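What follows is a single structure, written as structure tokens, with notes after it.
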Amino acid sequence: MHWFLDPKRSRKKSKSDELEKSTQELEATARTLIRTDWQLHRANDRFNTQITQLYALHRVGTLINSTFDLEVIFNTVVDSMSKDLGFDKAGVVFLDKTGTKPLQSAYKGFTSTEYRLFLERFQDLVNSVLQQEEVCLQTVSHATEDWVKFLRSLGIDSLMLLPMRIKSRLIGFIVGGRANVTLRLTEADQRFYCMYSAQTSTAIENARLYEALGQANLTLEQKVHERTKDLVEANERLRELDTVKSNFISLVSHELRTPLTAIKGFVSTLLHFGHEIPEDKKHMYLGILNEETDRLTRLITELLDISRIESGKVEMKWQKVSVPAIAEKVFVALSMNKPAGLQLVKEFPSDFPEIMADVDKIEQIFVNVVMNAIRFSPVDGVIKVSGEGT
């Protein structure tokens, strides 16, 4: 028996293999782009949530220095839980000195019958979890039978309870409920809600102290003096904290917007013009997206380190940095968001020396300066960044 090799058939098979290989590579690239887009959307959602939470925290922090009226504080907190944090039903309860009986409260979203039932179940159901947890979450999908019946009677699927404590003493609690939603809390969410309840606790305690001082008898002058001194010290600490929070909000809005703008620009370009962009440029764009995402992660880690911000300590990561390379990187990142006629020009001598700096911070300086220049330059203008070696 003799076998003969058909050259035409061999060439067809080779072309078929090459086509299949190319198809697989395109599919892998598509999956990578889809996965990257999904991750960016998730990151954007997390950033929006964090900024919303920080606004709510700032709102309560500002309230501490603006009023000692318990009713105003209660209504503001309930409004913040509803509007800022998205709860369908919200309330705040102030307890008596023993911490066992509701004394004063406010609510929103609950009917009067639902809220009365809620307060009636404080002793036998609610109080026990407040004593055990810093952030108490009950959902119909994970709660005990008693809690499931209780949640159903309130018309909600998820209930969050935030104990308010002063020096470990329970003075009240905040409640937030959502219908048709099963709440899930990350560690970051839990830290936020702990700070939120602590701020509210301080505001309520200051208001309570203020009322106590207003009602004090003249025969208790020494006691009034001690309370006033404590109040002044507390207000001083709160003013410092309010300043930190205000600066923090400003930093968040400015620092996070810059990498997000670059990320948004490249993602939009890849999304709308991906089929027209050469593979090497796509790879470069994805590389920039990866770098900007990493920088965004570092920025968030630094911005959310509250203790570092309050202490005024800023950690510098010194290393050798090429200023022309930083300028080129910033130009590439911002080129997606500038007018078509506006030119970005850099002029550095070939022997321009490297400097010792924190690469993230010097890059942020360049971004801020160039973004401002883009914002206030004519559409057909020229923005030039230059340097001279010594």
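Just remember, in the structure tokens the first chain shown is A, the second B, etc., residues are 1-based per chain, and ligands are 1-based in the order shown.
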Each stretch 96-148 of chain A residue no farther than 12 Å from stretch 179-200 of chain A, nearest pair in Å, only C-alpha atoms, as a tab-separated table:
residue	atom	partner	partner_atom	distance
A:Gly109	CA	A:Ala179	CA	10.7
A:Phe110	CA	A:Ala179	CA	11.3
A:Glu133	CA	A:Cys194	CA	10.5
A:Glu134	CA	A:Cys194	CA	6.7
A:Val135	CA	A:Gln190	CA	6.5
A:Cys136	CA	A:Gln190	CA	9.6
A:Leu137	CA	A:Leu183	CA	7.9
A:Gln138	CA	A:Leu183	CA	8.5
A:Thr139	CA	A:Thr182	CA	6.2
A:Val140	CA	A:Thr182	CA	7.8
A:Ser141	CA	A:Thr182	CA	7.7
A:His142	CA	A:Thr182	CA	9.6
A:Ala143	CA	A:Thr182	CA	11.4
Within 6 Å of stretch 78-95 of chain A, counting only C-alpha atoms, which residues qualify if same-chain residues fewer than 6 places away don't, as a ChimeraX atom specification?
/A:56,101-110,171-178
Using DSSP on the backbone, list every residue of stretch 48-238 of chain A that comes out as strand (DSSP E), and give them as a PyMOL selection string.
chain A and resi 89-95+102-108+136-139+158-166+169-178
Run DSSP on the backbone and give me the residues of stretch 111-165 of chain A it puts in helix (DSSP H, G or I), as JSON, numbers by chain.
{"A": [112, 113, 114, 115, 116, 117, 118, 119, 120, 122, 123, 124, 125, 126, 127, 128, 129, 130, 131, 132, 145, 146, 147, 148, 149, 150, 151, 152, 153, 154]}
Take the residues from that selection and put them in a file with C-alpha atoms, as a PDB file, in the first residue's frame.
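Everything below was put into again23.pdb:
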ATOM      1  CA  SER A 112     -46.129  54.846  64.059  1.00  0.00           C
ATOM      2  CA  THR A 113     -47.349  51.297  64.717  1.00  0.00           C
ATOM      3  CA  GLU A 114     -44.113  49.746  63.413  1.00  0.00           C
ATOM      4  CA  TYR A 115     -41.941  52.073  65.440  1.00  0.00           C
ATOM      5  CA  ARG A 116     -43.976  51.533  68.618  1.00  0.00           C
ATOM      6  CA  LEU A 117     -43.570  47.783  68.119  1.00  0.00           C
ATOM      7  CA  PHE A 118     -39.839  48.292  67.630  1.00  0.00           C
ATOM      8  CA  LEU A 119     -39.501  50.152  70.956  1.00  0.00           C
ATOM      9  CA  GLU A 120     -41.643  47.563  72.723  1.00  0.00           C
ATOM     10  CA  PHE A 122     -36.191  46.694  72.983  1.00  0.00           C
ATOM     11  CA  GLN A 123     -35.971  44.885  76.311  1.00  0.00           C
ATOM     12  CA  ASP A 124     -36.487  41.277  75.204  1.00  0.00           C
ATOM     13  CA  LEU A 125     -34.878  41.279  71.751  1.00  0.00           C
ATOM     14  CA  VAL A 126     -32.986  44.398  70.645  1.00  0.00           C
ATOM     15  CA  ASN A 127     -30.989  45.182  73.803  1.00  0.00           C
ATOM     16  CA  SER A 128     -29.217  41.816  73.900  1.00  0.00           C
ATOM     17  CA  VAL A 129     -27.577  42.262  70.475  1.00  0.00           C
ATOM     18  CA  LEU A 130     -26.665  45.896  71.244  1.00  0.00           C
ATOM     19  CA  GLN A 131     -24.653  44.679  74.236  1.00  0.00           C
ATOM     20  CA  GLN A 132     -22.730  42.170  72.128  1.00  0.00           C
ATOM     21  CA  GLU A 145     -37.019  32.658  63.939  1.00  0.00           C
ATOM     22  CA  ASP A 146     -37.813  35.431  66.467  1.00  0.00           C
ATOM     23  CA  TRP A 147     -35.849  37.961  64.480  1.00  0.00           C
ATOM     24  CA  VAL A 148     -37.373  36.889  61.162  1.00  0.00           C
ATOM     25  CA  LYS A 149     -40.892  37.396  62.561  1.00  0.00           C
ATOM     26  CA  PHE A 150     -39.820  40.746  64.014  1.00  0.00           C
ATOM     27  CA  LEU A 151     -38.351  41.946  60.704  1.00  0.00           C
ATOM     28  CA  ARG A 152     -41.461  40.859  58.816  1.00  0.00           C
ATOM     29  CA  SER A 153     -43.656  42.798  61.254  1.00  0.00           C
ATOM     30  CA  LEU A 154     -41.573  45.912  60.513  1.00  0.00           C
TER      31      LEU A 154
END
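Distances here use only C-alpha atoms; by that measure, the residue among A:Ile156, A:Ala327, A:Ala340, A:Leu161 closest to A:Gly387 is A:Ala327.
The space between atom CA of A:Glu233 and atom CA of A:Gly99 spans 25.5 Å.
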